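To keep things clear, I will list the structure first and then write my remarks on it.
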Amino acid sequence: GLGIATALAVAAVGYGWPLSLPEIGSLSQGGETVVQVGPAPSDWQQEAARAHALLSRQTLEVGLESQANYDLVAFQLAQILGAEPKLPNLEAQGFRFVRAQALRFGGEPLTQILYLGEEGGPLALYARKGDGPATLTEGRVGDIRTAAWSEEGISYLLAGEVGDAALMRIATRVKLEPAPPLRNTPKPQTPVNGALDDKS
């Protein structure tokens, strides 16, 4: 559920999905006008269907075995995205790589690289082929904080339930990391079947 909520929040920030804004309405009770302020009602089935629209067949075709091999994961994501996205190691920042997967948005591939810290929700780096502003841009959807930028023909979005300063430090570190080199095709040891997941 948290993964679905995170994916929807990130897609809303990064790619212009409409957000549900607080709904202000007036009700008449006993001659008095009562103003109600609160979130618009949500339908979980609709939210689940929107999250399902982000899923891609490639997520189920990329094997669990690949997750222990950074080069293979990077190669598979590059094949899916049609560009060489960054696959940063964030252990120095307190986040371990958990898995990567292929999503889609607007009929185009969208990659998601997931990390976990000692506590709290996941941190995700999203990448989509396309240009945009090179400068880091902060954002927020509920408890999800985001940092967006573009480089080398790829648009990135870093999102997670972390403090603004911590998120911007991590985003700056990822942004300053050199672009990945062109890779030769890695040779997996086992057939590729299943979702991307951590072997550790």
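The way I read the labels, and the way they are meant: chains A, B, ... in the order of the structure tokens, residue 1 as the first residue of every chain, and ligand 1 as the first ligand shown, with later ones counted on from there.
Using only C-alpha atoms, the residues found no farther than 10 Å from Pro88 (chain A), other than those of its own chain fewer than 4 positions away, are Tyr70, Ala74, Phe97, Ile113, Leu125, Arg173, Val174, Lys175, Glu177, Pro178 and Pro180 of chain A.
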| said: as an MDAnalysis selection string, please: every residue in region 57-140 of chain A that DSSP puts in strand (DSSP E or B). | reply: chainID A and resid 96:105 108:116 123:129 137:140
Pull C-alpha atoms from the residues just selected and write them as a compact mmCIF listing (two decimals), in the first residue's frame.
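Output contents, as saved in part13.txt:
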# COMPACT_ATOMS: atom_id res chain seq x y z
CA ARG A 96 20.50 0.37 0.89
CA PHE A 97 19.41 -0.65 -2.58
CA VAL A 98 16.36 -2.94 -2.44
CA ARG A 99 15.08 -3.32 -5.98
CA ALA A 100 14.46 -1.64 -9.30
CA GLN A 101 11.50 -1.99 -11.60
CA ALA A 102 9.98 -0.76 -14.82
CA LEU A 103 6.84 1.34 -14.76
CA ARG A 104 5.14 3.32 -17.49
CA PHE A 105 3.53 6.72 -17.74
CA GLU A 108 6.46 5.72 -22.09
CA PRO A 109 8.79 3.72 -19.81
CA LEU A 110 9.48 5.03 -16.31
CA THR A 111 12.06 3.32 -14.10
CA GLN A 112 11.88 3.17 -10.31
CA ILE A 113 14.90 2.42 -8.11
CA LEU A 114 13.99 1.74 -4.48
CA TYR A 115 16.07 2.12 -1.32
CA LEU A 116 15.38 1.59 2.38
CA LEU A 123 13.26 6.32 -0.93
CA ALA A 124 12.77 6.12 -4.69
CA LEU A 125 14.68 7.48 -7.65
CA TYR A 126 12.52 7.71 -10.77
CA ALA A 127 13.93 8.22 -14.25
CA ARG A 128 12.21 8.95 -17.53
CA LYS A 129 13.69 9.77 -20.90
CA THR A 137 13.56 21.72 -7.80
CA GLU A 138 12.00 20.86 -4.45
CA GLY A 139 8.41 19.73 -4.06
CA ARG A 140 6.07 18.03 -1.63
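For the pair CA of Leu81 (chain A) and CA of Thr135 (chain A), the interatomic distance is 22.1 Å.
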| Pick from A:Leu136, A:Ala51, A:Leu157, A:Leu77, whichever lies nearest to Leu176 (chain A) using only C-alpha atoms | A:Leu136
